[in-house]
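Written below as structure tokens is the structure these notes are about.
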Amino acid sequence: MARDFLNLTTALTVAAVCACTVLLTGDVAFTAGLSRGPQLPSHLSGSSSLVRSPFASAHETLGTKGVLCYGMGFGVLMALGRGLLSQVRVSRQATSDIAVQDKADVTDKIAYLKDIPRTIVEKDALELILKNTPKDQWENPPEDSYLYTVKAYAEMYGPGKATKMGWWDYYRMKIELPDTTRLESERELQEIEEWEKLMMEGKIPFAVPGPSGYWFTGFVTQWKGKEPFAGDQVITLTENGLFAKQFLSNMAFYREGLKPWQRGLEIGMAHGYFLIGPFTSLGPLRNTPEAATVGLLCGCAIVGIVSIGGLLFGSTIKPTRFDKEGDKPAAGFIEMINWHAIGGLGGAGFAHALITVFGSG
């Protein structure tokens with residue numbers, strides 16, 4: 001440090017003296033080469049003297065000792081500046097060392113942070129997790145934090161504890177701890193923690209699929225109900241959106257004010273009408289005159305199979321959604337299925353008639 005200080009100040013002092021000597025004198029060794037050359041015309045010699053007059057007056061005012069003092073003062077100022085920079089660096093290093101020492105003291109006082117095996121968490125990963133967790137929570141971290149997972153496994157496995165870990169515990173450990181090798185900053189770890197907290201609360205950011213991934217819209221949807229493990233409380237835009245609710249409520253099965261036979265007839269006609277199309281256009285006999293007839297027979301067969309399945313369901317499960325007061329259990333549902341068969345055969349026959357009359361043949 002002292003050698004660098006002396007070298008720097010000496011070099012700056014000599015450079016300042018040389019520069020001032022070159023500018024303020026015209027006949028010393030530093031400017032001997034500059035004084036040679038073609039002479040100026042007589043009518044321009046006056047202007048040249050005017051140009052040199054400020055330097056000459058400055059030289060007469062300062063003198064050789066003044067120039068030397070100027071160079072020494074310049075060097076002293078540079079040395080002071082370098083000294084201040086060195087002090088700032090030393091203070092920063094001392095602050096960093098104090099912080100590291102404080103962190104080491106805190107970790108030494110916490111039992112589970114001593115000698116954590118690398119199989120549980122790497123050193124750099126542990127440091128990143130500790131930076132992201134307040135110090136007052138290190139001893140008893142929150143259950144939804146990464147440090148809690150580290151504590152749970154460190155208290156179970158390690159020197160003087162269990163040495164064999166089951167495959168399920170190892171899998172859960174790797175899933176619950178972040179992959180710090182792919183994290184570039186502490187902010188990314190915080191974003192992952194916030195994402196997992198939202199997932200645990202039953203919320204998920206709403207994203208729109210794009211050409212190279214997903215575009216997050218900034219909205220958060222509540223997809224889980226009050227009971228975390230109740231599947232019937234799952235909330236989605238398809239089920240709970242306004243458009244989806246109106247669309248489903250207008251279907252024949254859910255529409256209010258219809259009788260069971262009306263529901264069955266409408267559902268059967270709609271299904272029977274479009275069922276014969278694939279068999280007619282894509283079946284093995286699609287290029288023959290009997291294609292429409294084969295499609296009709298296949299559609300009627302499917303309607304019959306579905307109707308039989310519906311009757312078996314109504315006889316065993318006995319749904320009471322469409323029952324009236326005083327009816328037997330599943331009376332309304334069975335009535336709907338019977339009319340579903342009639343509507344399905346009618347819809348298939350109507351589609352066959354259209355194909356036969358208006359088909360290209």
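In the structure tokens, the first chain shown is A, the next is B, and so on; residue numbers restart at 1 for each chain, and ligands run from 1 in the order shown.
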
Write down as a CSV table (one decimal) with N, CA, C and O atoms, in the first residue's frame the residues belonging to segment 301-332 of chain A that are assigned alpha helix (DSSP H) by DSSP computed on the backbone.
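Below is the file that was written, states_0.csv:
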chain,number,residue,atom,x,y,z
A,301,ALA,N,-78.8,-47.7,-33.5
A,301,ALA,CA,-78.2,-48.6,-32.6
A,301,ALA,C,-77.5,-47.9,-31.4
A,301,ALA,O,-77.7,-48.3,-30.2
A,302,ILE,N,-76.9,-46.8,-31.7
A,302,ILE,CA,-76.2,-46.0,-30.6
A,302,ILE,C,-77.3,-45.4,-29.7
A,302,ILE,O,-77.2,-45.4,-28.5
A,303,VAL,N,-78.4,-44.9,-30.3
A,303,VAL,CA,-79.5,-44.3,-29.5
A,303,VAL,C,-80.1,-45.4,-28.6
A,303,VAL,O,-80.3,-45.2,-27.4
A,304,GLY,N,-80.2,-46.6,-29.1
A,304,GLY,CA,-80.7,-47.7,-28.3
A,304,GLY,C,-79.8,-48.1,-27.2
A,304,GLY,O,-80.2,-48.4,-26.0
A,305,ILE,N,-78.5,-48.2,-27.4
A,305,ILE,CA,-77.5,-48.5,-26.4
A,305,ILE,C,-77.5,-47.5,-25.3
A,305,ILE,O,-77.6,-47.8,-24.1
A,306,VAL,N,-77.6,-46.2,-25.7
A,306,VAL,CA,-77.6,-45.1,-24.7
A,306,VAL,C,-78.9,-45.2,-23.8
A,306,VAL,O,-78.9,-45.0,-22.6
A,307,SER,N,-80.0,-45.4,-24.5
A,307,SER,CA,-81.2,-45.5,-23.8
A,307,SER,C,-81.2,-46.7,-22.8
A,307,SER,O,-81.7,-46.5,-21.6
A,308,ILE,N,-80.8,-47.8,-23.1
A,308,ILE,CA,-80.7,-48.9,-22.2
A,308,ILE,C,-79.8,-48.6,-21.0
A,308,ILE,O,-80.1,-48.9,-19.9
A,309,GLY,N,-78.6,-48.0,-21.3
A,309,GLY,CA,-77.8,-47.5,-20.2
A,309,GLY,C,-78.5,-46.6,-19.3
A,309,GLY,O,-78.3,-46.6,-18.0
A,310,GLY,N,-79.2,-45.6,-19.8
A,310,GLY,CA,-79.9,-44.7,-19.0
A,310,GLY,C,-81.0,-45.3,-18.1
A,310,GLY,O,-81.2,-45.0,-17.0
A,311,LEU,N,-81.7,-46.3,-18.7
A,311,LEU,CA,-82.7,-47.1,-17.9
A,311,LEU,C,-82.1,-47.8,-16.8
A,311,LEU,O,-82.6,-47.9,-15.6
A,312,LEU,N,-80.9,-48.5,-17.0
A,312,LEU,CA,-80.2,-49.2,-16.0
A,312,LEU,C,-79.7,-48.2,-14.9
A,312,LEU,O,-79.8,-48.5,-13.7
A,313,PHE,N,-79.3,-47.0,-15.3
A,313,PHE,CA,-78.8,-46.0,-14.3
A,313,PHE,C,-80.0,-45.6,-13.4
A,313,PHE,O,-79.9,-45.4,-12.2
A,314,GLY,N,-81.1,-45.3,-14.1
A,314,GLY,CA,-82.3,-44.9,-13.3
A,314,GLY,C,-82.8,-45.9,-12.4
A,314,GLY,O,-83.3,-45.6,-11.3
A,315,SER,N,-82.7,-47.2,-12.8
A,315,SER,CA,-83.3,-48.3,-11.9
A,315,SER,C,-82.4,-48.6,-10.7
A,315,SER,O,-82.8,-49.1,-9.7
A,316,THR,N,-81.1,-48.3,-10.8
A,316,THR,CA,-80.1,-48.6,-9.7
A,316,THR,C,-79.8,-47.3,-8.9
A,316,THR,O,-79.9,-47.4,-7.7
A,331,ALA,N,-88.8,-41.8,-11.2
A,331,ALA,CA,-89.9,-41.8,-12.2
A,331,ALA,C,-89.7,-40.8,-13.3
A,331,ALA,O,-89.9,-41.1,-14.5
A,332,GLY,N,-89.3,-39.5,-12.9
A,332,GLY,CA,-89.1,-38.5,-13.9
A,332,GLY,C,-87.9,-38.8,-14.8
A,332,GLY,O,-87.9,-38.5,-16.0

Legend entry - Contact residues around Trp261 of chain A with only C-alpha atoms at 9 Å, ignoring same-chain residues under 4 positions, as a ChimeraX atom specification: /A:265-266,332,335-340

For the selection just defined, write its residues with N, CA, C and O atoms to a file, as a PDB file, in the first residue's frame.
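Below is the file that was written, out.pdb:
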ATOM      1  N   LEU A 265     -87.201 -35.658 -25.230  1.00  0.00           N
ATOM      2  CA  LEU A 265     -87.445 -35.547 -26.671  1.00  0.00           C
ATOM      3  C   LEU A 265     -86.441 -34.598 -27.321  1.00  0.00           C
ATOM      4  O   LEU A 265     -85.902 -34.897 -28.405  1.00  0.00           O
ATOM      5  N   GLU A 266     -86.181 -33.453 -26.695  1.00  0.00           N
ATOM      6  CA  GLU A 266     -85.230 -32.495 -27.274  1.00  0.00           C
ATOM      7  C   GLU A 266     -83.809 -33.054 -27.302  1.00  0.00           C
ATOM      8  O   GLU A 266     -83.101 -32.929 -28.308  1.00  0.00           O
ATOM      9  N   GLY A 332     -89.338 -39.544 -12.933  1.00  0.00           N
ATOM     10  CA  GLY A 332     -89.119 -38.497 -13.922  1.00  0.00           C
ATOM     11  C   GLY A 332     -87.922 -38.778 -14.809  1.00  0.00           C
ATOM     12  O   GLY A 332     -87.948 -38.507 -16.020  1.00  0.00           O
ATOM     13  N   GLU A 335     -88.821 -41.467 -17.343  1.00  0.00           N
ATOM     14  CA  GLU A 335     -89.676 -40.895 -18.379  1.00  0.00           C
ATOM     15  C   GLU A 335     -88.833 -40.107 -19.387  1.00  0.00           C
ATOM     16  O   GLU A 335     -89.078 -40.183 -20.605  1.00  0.00           O
ATOM     17  N   MET A 336     -87.887 -39.377 -18.911  1.00  0.00           N
ATOM     18  CA  MET A 336     -87.014 -38.627 -19.816  1.00  0.00           C
ATOM     19  C   MET A 336     -86.225 -39.569 -20.728  1.00  0.00           C
ATOM     20  O   MET A 336     -86.074 -39.303 -21.935  1.00  0.00           O
ATOM     21  N   ILE A 337     -85.743 -40.682 -20.202  1.00  0.00           N
ATOM     22  CA  ILE A 337     -84.961 -41.615 -21.009  1.00  0.00           C
ATOM     23  C   ILE A 337     -85.836 -42.270 -22.077  1.00  0.00           C
ATOM     24  O   ILE A 337     -85.403 -42.472 -23.235  1.00  0.00           O
ATOM     25  N   ASN A 338     -87.078 -42.587 -21.731  1.00  0.00           N
ATOM     26  CA  ASN A 338     -87.971 -43.196 -22.730  1.00  0.00           C
ATOM     27  C   ASN A 338     -88.219 -42.253 -23.891  1.00  0.00           C
ATOM     28  O   ASN A 338     -88.157 -42.650 -25.064  1.00  0.00           O
ATOM     29  N   TRP A 339     -88.459 -40.999 -23.598  1.00  0.00           N
ATOM     30  CA  TRP A 339     -88.677 -40.035 -24.662  1.00  0.00           C
ATOM     31  C   TRP A 339     -87.371 -39.687 -25.376  1.00  0.00           C
ATOM     32  O   TRP A 339     -87.403 -39.255 -26.539  1.00  0.00           O
ATOM     33  N   HIS A 340     -86.247 -39.878 -24.695  1.00  0.00           N
ATOM     34  CA  HIS A 340     -84.958 -39.705 -25.367  1.00  0.00           C
ATOM     35  C   HIS A 340     -84.797 -40.721 -26.482  1.00  0.00           C
ATOM     36  O   HIS A 340     -84.290 -40.396 -27.583  1.00  0.00           O
TER      37      HIS A 340
END

Which neighbours of Gly349 of chain A fall inside 8 Å, counting only C-alpha atoms, when residues of the same chain fewer than 4 positions from it are skipped, and could you give them as a short mmCIF file (atom, residue, chain, number, x, y, z; two decimals) with all heavy atoms, in the first residue's frame?
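File produced: result_17.cif:
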data_model
loop_
_atom_site.label_atom_id
_atom_site.label_comp_id
_atom_site.auth_asym_id
_atom_site.auth_seq_id
_atom_site.Cartn_x
_atom_site.Cartn_y
_atom_site.Cartn_z
N TYR A 273 -79.95 -36.66 -34.64
CA TYR A 273 -79.79 -35.95 -35.89
C TYR A 273 -78.34 -35.95 -36.36
O TYR A 273 -78.08 -36.11 -37.56
CB TYR A 273 -80.31 -34.51 -35.72
CG TYR A 273 -80.21 -33.67 -36.96
CD1 TYR A 273 -81.14 -33.80 -37.98
CD2 TYR A 273 -79.18 -32.75 -37.11
CE1 TYR A 273 -81.05 -33.03 -39.13
CE2 TYR A 273 -79.08 -31.97 -38.25
CZ TYR A 273 -80.02 -32.13 -39.25
OH TYR A 273 -79.94 -31.37 -40.39
N LEU A 296 -78.08 -44.61 -40.86
CA LEU A 296 -79.31 -44.61 -40.07
C LEU A 296 -79.33 -45.77 -39.09
O LEU A 296 -79.67 -45.60 -37.91
CB LEU A 296 -80.51 -44.67 -41.01
CG LEU A 296 -81.88 -44.85 -40.34
CD1 LEU A 296 -82.20 -43.64 -39.46
CD2 LEU A 296 -82.98 -45.05 -41.40
N LEU A 345 -84.56 -41.70 -32.30
CA LEU A 345 -84.95 -42.39 -33.54
C LEU A 345 -85.56 -41.40 -34.53
O LEU A 345 -85.31 -41.48 -35.75
CB LEU A 345 -85.94 -43.50 -33.20
CG LEU A 345 -85.39 -44.64 -32.33
CD1 LEU A 345 -86.48 -45.65 -32.02
CD2 LEU A 345 -84.20 -45.32 -33.00
N ALA A 353 -83.76 -38.82 -44.07
CA ALA A 353 -84.63 -38.34 -45.13
C ALA A 353 -83.96 -37.17 -45.86
O ALA A 353 -84.02 -37.07 -47.10
CB ALA A 353 -85.98 -37.92 -44.54
#

Inset, instruction - Tell me which protein, DNA and RNA residues are within 9 Å of segment 278-284 of chain A, counting only C-alpha atoms, leaving out same-chain ones fewer than 5 positions away, and put them as number ranges by chain. - result: A: 290-296, 298-299

Inset, instruction - Rounded to one decimal place, report the atom CA of Tyr112 of chain A-atom CA of Ile129 of chain A distance in Å. - result: 14.3 Å

Inset, instruction - Work out how far apart atom CA of Gln137 of chain A and atom CA of Glu193 of chain A are and give it in Å to one decimal. - result: 15.5 Å

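Here atom CA of Glu143 of chain A stands at a distance of 17.2 Å from atom CA of Glu191 of chain A.
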
Inset, instruction - Determine, counting only C-alpha atoms, which protein, DNA and RNA residues have an atom within 12 Å of an atom of Lys245 of chain A; residues of the same chain fewer than 6 positions away are not included. Present the result as an MDAnalysis selection string. - result: chainID A and resid 236:239 251 254:255

Inset, instruction - Run DSSP on the backbone of this structure and report the residues of segment 135-225 of chain A it assigns to strand (DSSP E or B), as a VMD selection string. - result: chain A and resid 157 162 203 to 210 213 to 222

Legend entry - Exercise: Val150 of chain A partners within 9 Å, only C-alpha atoms, chain neighbours under 2 positions left out, as a PyMOL selection string: chain A and resi 112-113+116+120-121+126+146-148+152-155+173+177

What does the file look like for those residues with N, CA, C and O atoms, as an mmCIF file, in the first residue's frame?
data_model
loop_
_atom_site.group_PDB
_atom_site.id
_atom_site.type_symbol
_atom_site.label_atom_id
_atom_site.label_comp_id
_atom_site.auth_asym_id
_atom_site.auth_seq_id
_atom_site.Cartn_x
_atom_site.Cartn_y
_atom_site.Cartn_z
ATOM 1 N N TYR A 112 -30.382 -26.437 14.323
ATOM 2 C CA TYR A 112 -30.567 -27.183 13.075
ATOM 3 C C TYR A 112 -29.748 -26.617 11.915
ATOM 4 O O TYR A 112 -29.615 -27.266 10.867
ATOM 5 N N LEU A 113 -29.195 -25.402 12.071
ATOM 6 C CA LEU A 113 -28.373 -24.822 11.012
ATOM 7 C C LEU A 113 -26.915 -25.252 11.087
ATOM 8 O O LEU A 113 -26.119 -24.871 10.229
ATOM 9 N N ILE A 116 -25.451 -28.906 8.345
ATOM 10 C CA ILE A 116 -26.516 -29.468 7.511
ATOM 11 C C ILE A 116 -25.881 -30.236 6.355
ATOM 12 O O ILE A 116 -25.038 -29.700 5.636
ATOM 13 N N ILE A 120 -29.127 -32.516 1.776
ATOM 14 C CA ILE A 120 -30.375 -31.808 2.075
ATOM 15 C C ILE A 120 -30.414 -30.476 1.347
ATOM 16 O O ILE A 120 -31.383 -30.157 0.643
ATOM 17 N N VAL A 121 -29.381 -29.656 1.516
ATOM 18 C CA VAL A 121 -29.348 -28.351 0.866
ATOM 19 C C VAL A 121 -27.897 -27.931 0.702
ATOM 20 O O VAL A 121 -27.062 -28.162 1.585
ATOM 21 N N LEU A 126 -28.671 -22.526 0.800
ATOM 22 C CA LEU A 126 -29.036 -22.158 2.165
ATOM 23 C C LEU A 126 -28.831 -20.659 2.399
ATOM 24 O O LEU A 126 -29.668 -20.008 3.045
ATOM 25 N N TYR A 146 -39.421 -21.924 2.617
ATOM 26 C CA TYR A 146 -38.418 -22.939 2.294
ATOM 27 C C TYR A 146 -37.572 -23.297 3.511
ATOM 28 O O TYR A 146 -37.129 -24.440 3.650
ATOM 29 N N LEU A 147 -37.350 -22.325 4.384
ATOM 30 C CA LEU A 147 -36.526 -22.600 5.556
ATOM 31 C C LEU A 147 -37.197 -23.607 6.478
ATOM 32 O O LEU A 147 -36.506 -24.371 7.169
ATOM 33 N N TYR A 148 -38.510 -23.631 6.504
ATOM 34 C CA TYR A 148 -39.208 -24.627 7.321
ATOM 35 C C TYR A 148 -38.942 -26.036 6.796
ATOM 36 O O TYR A 148 -38.762 -26.977 7.570
ATOM 37 N N ALA A 152 -37.146 -29.024 8.863
ATOM 38 C CA ALA A 152 -37.784 -30.325 9.065
ATOM 39 C C ALA A 152 -36.849 -31.471 8.697
ATOM 40 O O ALA A 152 -36.733 -32.471 9.427
ATOM 41 N N TYR A 153 -36.139 -31.333 7.586
ATOM 42 C CA TYR A 153 -35.245 -32.413 7.159
ATOM 43 C C TYR A 153 -33.935 -32.392 7.941
ATOM 44 O O TYR A 153 -33.347 -33.448 8.187
ATOM 45 N N ALA A 154 -33.456 -31.196 8.336
ATOM 46 C CA ALA A 154 -32.200 -31.126 9.090
ATOM 47 C C ALA A 154 -32.358 -31.694 10.497
ATOM 48 O O ALA A 154 -31.403 -32.253 11.053
ATOM 49 N N GLU A 155 -33.540 -31.557 11.085
ATOM 50 C CA GLU A 155 -33.757 -32.130 12.410
ATOM 51 C C GLU A 155 -33.976 -33.635 12.365
ATOM 52 O O GLU A 155 -33.852 -34.315 13.390
ATOM 53 N N MET A 173 -38.471 -33.741 -0.683
ATOM 54 C CA MET A 173 -37.481 -32.726 -0.364
ATOM 55 C C MET A 173 -37.053 -31.985 -1.624
ATOM 56 O O MET A 173 -36.943 -30.743 -1.637
ATOM 57 N N LEU A 177 -38.004 -27.926 -2.108
ATOM 58 C CA LEU A 177 -36.914 -26.956 -2.070
ATOM 59 C C LEU A 177 -36.663 -26.409 -3.466
ATOM 60 O O LEU A 177 -36.792 -27.123 -4.459
#

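Among A:Gly264, A:Gly347, A:Gly158, A:Pro319, the residue with the shortest atom-to-atom distance to Cys300 of chain A, counting only C-alpha atoms, is A:Gly347.
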